[in-house]
>>> print(open('coords_36.cif').read())   # mmCIF, C-alpha atoms
data_input
loop_
_atom_site.label_atom_id
_atom_site.label_comp_id
_atom_site.auth_asym_id
_atom_site.auth_seq_id
_atom_site.Cartn_x
_atom_site.Cartn_y
_atom_site.Cartn_z
CA MET X 1 81.05 73.84 143.95
CA LYS X 2 79.23 73.94 140.61
CA SER X 3 75.97 75.26 142.11
CA SER X 4 77.90 77.97 143.94
CA LEU X 5 79.45 79.14 140.67
CA VAL X 6 76.04 79.19 138.96
CA ARG X 7 74.54 81.13 141.88
CA GLN X 8 77.36 83.70 141.80
CA THR X 9 76.96 84.09 138.03
CA LEU X 10 73.22 84.67 138.39
CA ILE X 11 73.77 87.23 141.14
CA LEU X 12 76.31 89.09 138.99
CA VAL X 13 73.95 89.10 136.00
CA ALA X 14 71.08 90.37 138.17
CA LEU X 15 73.23 93.14 139.68
CA ALA X 16 74.57 94.15 136.27
CA SER X 17 71.00 94.40 134.94
CA LEU X 18 69.73 96.69 137.71
CA PRO X 19 70.99 100.00 136.23
CA GLY X 20 69.51 99.16 132.83
CA ILE X 21 66.16 98.16 134.30
CA GLY X 22 66.08 101.30 136.45
CA GLN X 23 66.87 103.51 133.47
CA ALA X 24 64.24 101.77 131.32
CA LEU X 25 61.61 102.35 134.02
CA TYR X 26 62.61 105.96 134.59
CA PHE X 27 62.67 106.88 130.88
CA ARG X 28 59.78 104.64 129.71
CA ASP X 29 57.57 107.59 128.72
CA LYS X 30 60.39 109.60 127.20
CA VAL X 31 61.57 107.14 124.54
CA SER X 32 59.65 106.63 121.32
CA TRP X 33 59.88 103.12 119.94
CA GLN X 34 57.98 104.12 116.80
CA SER X 35 59.53 105.00 113.52
CA PRO X 36 59.62 108.79 113.34
CA VAL X 37 57.19 110.49 110.99
CA PRO X 38 58.05 114.01 109.84
CA ALA X 39 55.48 116.62 110.85
CA SER X 40 54.83 117.29 107.16
CA GLU X 41 53.51 113.72 106.83
CA MET X 42 51.18 113.89 109.85
CA VAL X 43 47.64 115.22 109.83
CA THR X 44 45.13 115.91 112.60
CA VAL X 45 41.54 114.70 112.53
CA ALA X 46 40.34 118.29 112.01
CA GLN X 47 42.69 118.88 109.07
CA ALA X 48 41.74 115.60 107.39
CA ARG X 49 38.03 116.24 107.89
CA ALA X 50 38.44 119.67 106.30
CA TRP X 51 39.65 117.94 103.12
CA GLY X 52 36.19 116.34 102.83
CA GLY X 53 35.79 114.41 99.60
CA ASN X 54 39.39 115.12 98.63
CA ALA X 55 40.60 112.58 101.21
CA ILE X 56 40.72 108.81 101.03
CA TRP X 57 40.75 107.20 104.47
CA VAL X 58 42.90 104.06 104.72
CA ASP X 59 42.46 101.73 107.69
CA ALA X 60 45.72 99.88 108.39
CA ARG X 61 44.32 97.86 111.29
CA PRO X 62 43.69 94.10 111.18
CA ASP X 63 40.60 92.91 109.29
CA VAL X 64 38.68 92.06 112.48
CA GLU X 65 39.01 95.61 113.84
CA PHE X 66 38.02 97.11 110.48
CA GLU X 67 34.93 94.88 110.29
CA ARG X 68 33.93 95.84 113.83
CA GLU X 69 34.02 99.58 113.11
CA HIS X 70 35.92 102.04 110.94
CA ILE X 71 35.81 105.61 109.68
CA PRO X 72 32.87 105.88 107.25
CA GLY X 73 34.07 105.34 103.69
CA ALA X 74 37.49 104.03 104.78
CA VAL X 75 39.30 101.47 102.66
CA LEU X 76 41.01 98.51 104.32
CA LEU X 77 44.72 98.23 103.47
CA ASN X 78 46.91 96.44 105.97
CA GLU X 79 50.27 94.71 105.97
CA ASP X 80 48.78 91.22 106.38
CA ARG X 81 46.94 91.37 103.06
CA TRP X 82 48.92 94.10 101.27
CA ASN X 83 49.21 92.34 97.89
CA GLU X 84 45.51 91.46 97.84
CA LEU X 85 44.17 94.81 99.08
CA LEU X 86 46.47 97.25 97.26
CA PRO X 87 44.72 96.85 93.85
CA ARG X 88 41.33 97.52 95.51
CA PHE X 89 42.73 100.66 97.10
CA LEU X 90 44.31 101.87 93.87
CA ALA X 91 40.92 101.51 92.14
CA THR X 92 39.53 104.19 94.52
CA TRP X 93 42.60 106.44 94.41
CA SER X 94 43.09 109.45 92.15
CA PRO X 95 46.08 111.85 92.02
CA GLU X 96 44.21 114.89 93.31
CA LYS X 97 43.13 113.09 96.51
CA ARG X 98 45.02 113.03 99.77
CA VAL X 99 45.48 109.68 101.48
CA VAL X 100 45.00 109.54 105.28
CA VAL X 101 46.25 106.32 106.86
CA TYR X 102 45.29 105.37 110.40
CA CYS X 103 45.61 102.48 112.81
CA SER X 104 44.53 101.94 116.41
CA SER X 105 46.42 104.67 118.27
CA GLN X 106 49.37 107.02 118.25
CA SER X 107 51.64 104.17 119.36
CA CYS X 108 50.51 101.86 116.56
CA ASN X 109 53.15 101.53 113.85
CA ALA X 110 50.93 99.95 111.16
CA SER X 111 49.78 103.29 109.74
CA ARG X 112 53.36 104.50 109.44
CA GLU X 113 54.39 101.35 107.59
CA VAL X 114 51.39 101.37 105.22
CA ALA X 115 51.95 105.07 104.49
CA ARG X 116 55.64 104.42 103.81
CA ARG X 117 54.81 101.58 101.42
CA LEU X 118 52.24 103.70 99.60
CA ARG X 119 54.88 106.39 99.10
CA ASP X 120 57.80 104.09 98.27
CA GLU X 121 56.25 101.11 96.51
CA ALA X 122 53.10 102.58 94.96
CA GLN X 123 54.86 105.93 94.32
CA LEU X 124 51.91 107.96 95.68
CA LYS X 125 52.16 111.56 96.78
CA ASN X 126 50.06 113.28 99.46
CA VAL X 127 50.06 110.34 101.87
CA PHE X 128 49.56 111.28 105.52
CA VAL X 129 49.42 109.47 108.87
CA LEU X 130 46.50 110.39 111.14
CA GLN X 131 47.81 111.79 114.40
CA GLY X 132 46.40 109.71 117.27
CA GLY X 133 44.85 107.15 114.93
CA TRP X 134 41.47 105.54 115.46
CA GLU X 135 41.44 106.50 119.16
CA GLU X 136 41.74 110.19 118.24
CA TRP X 137 38.98 109.85 115.62
CA LEU X 138 36.64 108.40 118.26
CA LYS X 139 37.38 111.33 120.62
CA LYS X 140 36.55 113.85 117.88
CA LYS X 141 33.45 112.00 116.61
#
>>> encode(input="coords_36.cif", output="structure tokens")
Amino acid sequence: MKSSLVRQTLILVALASLPGIGQALYFRDKVSWQSPVPASEMVTVAQARAWGGNAIWVDARPDVEFEREHIPGAVLLNEDRWNELLPRFLATWSPEKRVVVYCSSQSCNASREVARRLRDEAQLKNVFVLQGGWEEWLKKK
């Protein structure tokens, strides 16, 4: 009797989950799980390169990825070591420079979070997120 009740419960749960699973599969490429970034806070590789020496590149990826390879002249500033790395970054920053934050790819949320913290906590202006991230930089190399 008890196993029959458990089996029926499991069948009902499985059947109730089917529409949700189907919808998740159908719409998987249409839903953005990232925090939205206004277009005014995004920058393309070409735009950022055009800023030349007036841009500071900030790598928001983990230390290991930064050590492996990064945009030449980039400064490491990630969430894991924020309190330690922020003073180093601020030593290279000046008000007339634009800050371009990137992480691994378009779907990576680290650059959005580091950019937000630079704006909100460090009170910096002209902070942008690199559209497409490190992957896009490599394509445009």
>>> resolve_selection(input="coords_36.cif", expression="the PyMOL selection byres ((chain X and resi 89) around 9)", output="list in words")
Val58, Val75, Leu76, Leu77, Leu85, Leu86, Pro87, Arg88, Leu90, Ala91, Thr92 and Trp93 of chain X
>>> closest_residue(input="coords_36.cif", among="X:Glu84, X:Glu136, X:Glu96, X:Glu113", to="Ala55 in chain X", atoms="only C-alpha atoms")
X:Glu96
>>> atom_distance(input="coords_36.cif", atom1="CA of Ser105 in chain X", atom2="CA of Gly73 in chain X")
19.1 Å
>>> resolve_selection(input="coords_36.cif", expression="the PyMOL selection byres ((chain X and resi 110) around 8)", output="ChimeraX atom specification")
/X:60-61,78-79,102-103,108-109,111-114
>>> atom_distance(input="coords_36.cif", atom1="CA of Val127 in chain X", atom2="CA of Val99 in chain X")
4.6 Å
>>> atom_distance(input="coords_36.cif", atom1="CA of Val45 in chain X", atom2="CA of Lys141 in chain X")
9.5 Å
>>> residues_near_point(input="coords_36.cif", point="(55.3, 118.7, 104.4)", cutoff="12 Å", atoms="only C-alpha atoms", output="PyMOL selection string")
chain X and resi 37-43+125-129
>>> closest_residue(input="coords_36.cif", among="X:Leu12, X:Lys97, X:Lys140, X:Leu5", to="Gly52 in chain X", atoms="all atoms listed in the file")
X:Lys97
>>> closest_residue(input="coords_36.cif", among="X:Ile21, X:Ile71, X:Val100, X:Ile11", to="Asn54 in chain X", atoms="all atoms listed in the file")
X:Val100
>>> decode(input="coords_36.cif", residues="range 41-53 of chain X", atoms="all heavy atoms", output="PDB file, in the first residue's frame")
ATOM      1  N   GLU X  41      25.984  51.248 -21.287  1.00  0.00           N
ATOM      2  CA  GLU X  41      27.080  50.753 -20.448  1.00  0.00           C
ATOM      3  C   GLU X  41      27.839  49.613 -21.116  1.00  0.00           C
ATOM      4  O   GLU X  41      28.702  49.012 -20.498  1.00  0.00           O
ATOM      5  CB  GLU X  41      26.541  50.322 -19.087  1.00  0.00           C
ATOM      6  CG  GLU X  41      25.964  51.481 -18.294  1.00  0.00           C
ATOM      7  CD  GLU X  41      25.286  51.043 -17.009  1.00  0.00           C
ATOM      8  OE1 GLU X  41      25.271  49.839 -16.698  1.00  0.00           O
ATOM      9  OE2 GLU X  41      24.769  51.921 -16.309  1.00  0.00           O
ATOM     10  N   MET X  42      27.501  49.307 -22.368  1.00  0.00           N
ATOM     11  CA  MET X  42      28.189  48.268 -23.128  1.00  0.00           C
ATOM     12  C   MET X  42      29.111  48.930 -24.139  1.00  0.00           C
ATOM     13  O   MET X  42      28.847  50.039 -24.600  1.00  0.00           O
ATOM     14  CB  MET X  42      27.188  47.381 -23.871  1.00  0.00           C
ATOM     15  CG  MET X  42      26.264  46.577 -22.995  1.00  0.00           C
ATOM     16  SD  MET X  42      27.065  45.271 -22.067  1.00  0.00           S
ATOM     17  CE  MET X  42      27.397  44.089 -23.341  1.00  0.00           C
ATOM     18  N   VAL X  43      30.174  48.230 -24.498  1.00  0.00           N
ATOM     19  CA  VAL X  43      31.104  48.746 -25.497  1.00  0.00           C
ATOM     20  C   VAL X  43      31.612  47.566 -26.330  1.00  0.00           C
ATOM     21  O   VAL X  43      31.787  46.472 -25.823  1.00  0.00           O
ATOM     22  CB  VAL X  43      32.267  49.521 -24.825  1.00  0.00           C
ATOM     23  CG1 VAL X  43      33.123  48.609 -23.970  1.00  0.00           C
ATOM     24  CG2 VAL X  43      33.102  50.260 -25.830  1.00  0.00           C
ATOM     25  N   THR X  44      31.798  47.798 -27.616  1.00  0.00           N
ATOM     26  CA  THR X  44      32.331  46.755 -28.489  1.00  0.00           C
ATOM     27  C   THR X  44      33.854  46.798 -28.434  1.00  0.00           C
ATOM     28  O   THR X  44      34.452  47.785 -27.981  1.00  0.00           O
ATOM     29  CB  THR X  44      31.883  46.957 -29.950  1.00  0.00           C
ATOM     30  OG1 THR X  44      32.454  48.179 -30.424  1.00  0.00           O
ATOM     31  CG2 THR X  44      30.369  46.979 -30.070  1.00  0.00           C
ATOM     32  N   VAL X  45      34.470  45.746 -28.915  1.00  0.00           N
ATOM     33  CA  VAL X  45      35.935  45.692 -28.967  1.00  0.00           C
ATOM     34  C   VAL X  45      36.466  46.855 -29.803  1.00  0.00           C
ATOM     35  O   VAL X  45      37.414  47.536 -29.405  1.00  0.00           O
ATOM     36  CB  VAL X  45      36.421  44.334 -29.539  1.00  0.00           C
ATOM     37  CG1 VAL X  45      37.916  44.351 -29.788  1.00  0.00           C
ATOM     38  CG2 VAL X  45      36.041  43.191 -28.607  1.00  0.00           C
ATOM     39  N   ALA X  46      35.848  47.119 -30.949  1.00  0.00           N
ATOM     40  CA  ALA X  46      36.305  48.195 -31.828  1.00  0.00           C
ATOM     41  C   ALA X  46      36.218  49.560 -31.146  1.00  0.00           C
ATOM     42  O   ALA X  46      37.149  50.368 -31.234  1.00  0.00           O
ATOM     43  CB  ALA X  46      35.492  48.203 -33.125  1.00  0.00           C
ATOM     44  N   GLN X  47      35.098  49.815 -30.450  1.00  0.00           N
ATOM     45  CA  GLN X  47      34.954  51.087 -29.756  1.00  0.00           C
ATOM     46  C   GLN X  47      36.016  51.247 -28.667  1.00  0.00           C
ATOM     47  O   GLN X  47      36.639  52.297 -28.550  1.00  0.00           O
ATOM     48  CB  GLN X  47      33.563  51.185 -29.105  1.00  0.00           C
ATOM     49  CG  GLN X  47      32.435  51.359 -30.075  1.00  0.00           C
ATOM     50  CD  GLN X  47      31.073  51.190 -29.392  1.00  0.00           C
ATOM     51  OE1 GLN X  47      30.885  50.314 -28.548  1.00  0.00           O
ATOM     52  NE2 GLN X  47      30.130  52.045 -29.758  1.00  0.00           N
ATOM     53  N   ALA X  48      36.202  50.205 -27.879  1.00  0.00           N
ATOM     54  CA  ALA X  48      37.174  50.269 -26.777  1.00  0.00           C
ATOM     55  C   ALA X  48      38.592  50.434 -27.306  1.00  0.00           C
ATOM     56  O   ALA X  48      39.380  51.200 -26.748  1.00  0.00           O
ATOM     57  CB  ALA X  48      37.061  49.022 -25.909  1.00  0.00           C
ATOM     58  N   ARG X  49      38.907  49.738 -28.382  1.00  0.00           N
ATOM     59  CA  ARG X  49      40.250  49.892 -28.982  1.00  0.00           C
ATOM     60  C   ARG X  49      40.466  51.321 -29.476  1.00  0.00           C
ATOM     61  O   ARG X  49      41.563  51.852 -29.387  1.00  0.00           O
ATOM     62  CB  ARG X  49      40.432  48.917 -30.128  1.00  0.00           C
ATOM     63  CG  ARG X  49      40.805  47.538 -29.666  1.00  0.00           C
ATOM     64  CD  ARG X  49      41.244  46.723 -30.860  1.00  0.00           C
ATOM     65  NE  ARG X  49      41.806  45.481 -30.416  1.00  0.00           N
ATOM     66  CZ  ARG X  49      41.696  44.346 -31.084  1.00  0.00           C
ATOM     67  NH1 ARG X  49      41.054  44.324 -32.232  1.00  0.00           N
ATOM     68  NH2 ARG X  49      42.242  43.250 -30.629  1.00  0.00           N
ATOM     69  N   ALA X  50      39.415  51.930 -29.999  1.00  0.00           N
ATOM     70  CA  ALA X  50      39.519  53.297 -30.520  1.00  0.00           C
ATOM     71  C   ALA X  50      39.862  54.289 -29.402  1.00  0.00           C
ATOM     72  O   ALA X  50      40.433  55.345 -29.666  1.00  0.00           O
ATOM     73  CB  ALA X  50      38.226  53.702 -31.215  1.00  0.00           C
ATOM     74  N   TRP X  51      39.536  53.946 -28.159  1.00  0.00           N
ATOM     75  CA  TRP X  51      39.871  54.829 -27.038  1.00  0.00           C
ATOM     76  C   TRP X  51      41.363  54.807 -26.729  1.00  0.00           C
ATOM     77  O   TRP X  51      41.866  55.700 -26.049  1.00  0.00           O
ATOM     78  CB  TRP X  51      39.085  54.437 -25.793  1.00  0.00           C
ATOM     79  CG  TRP X  51      37.610  54.620 -25.926  1.00  0.00           C
ATOM     80  CD1 TRP X  51      36.956  55.455 -26.800  1.00  0.00           C
ATOM     81  CD2 TRP X  51      36.592  53.953 -25.189  1.00  0.00           C
ATOM     82  NE1 TRP X  51      35.600  55.348 -26.638  1.00  0.00           N
ATOM     83  CE2 TRP X  51      35.343  54.434 -25.651  1.00  0.00           C
ATOM     84  CE3 TRP X  51      36.601  52.998 -24.185  1.00  0.00           C
ATOM     85  CZ2 TRP X  51      34.133  53.995 -25.140  1.00  0.00           C
ATOM     86  CZ3 TRP X  51      35.396  52.558 -23.667  1.00  0.00           C
ATOM     87  CH2 TRP X  51      34.177  53.052 -24.140  1.00  0.00           C
ATOM     88  N   GLY X  52      42.071  53.788 -27.220  1.00  0.00           N
ATOM     89  CA  GLY X  52      43.523  53.699 -27.052  1.00  0.00           C
ATOM     90  C   GLY X  52      43.962  53.831 -25.606  1.00  0.00           C
ATOM     91  O   GLY X  52      43.485  53.123 -24.724  1.00  0.00           O
ATOM     92  N   GLY X  53      44.866  54.771 -25.355  1.00  0.00           N
ATOM     93  CA  GLY X  53      45.414  54.979 -24.025  1.00  0.00           C
ATOM     94  C   GLY X  53      44.438  55.589 -23.043  1.00  0.00           C
ATOM     95  O   GLY X  53      44.757  55.718 -21.856  1.00  0.00           O
TER      96      GLY X  53
END
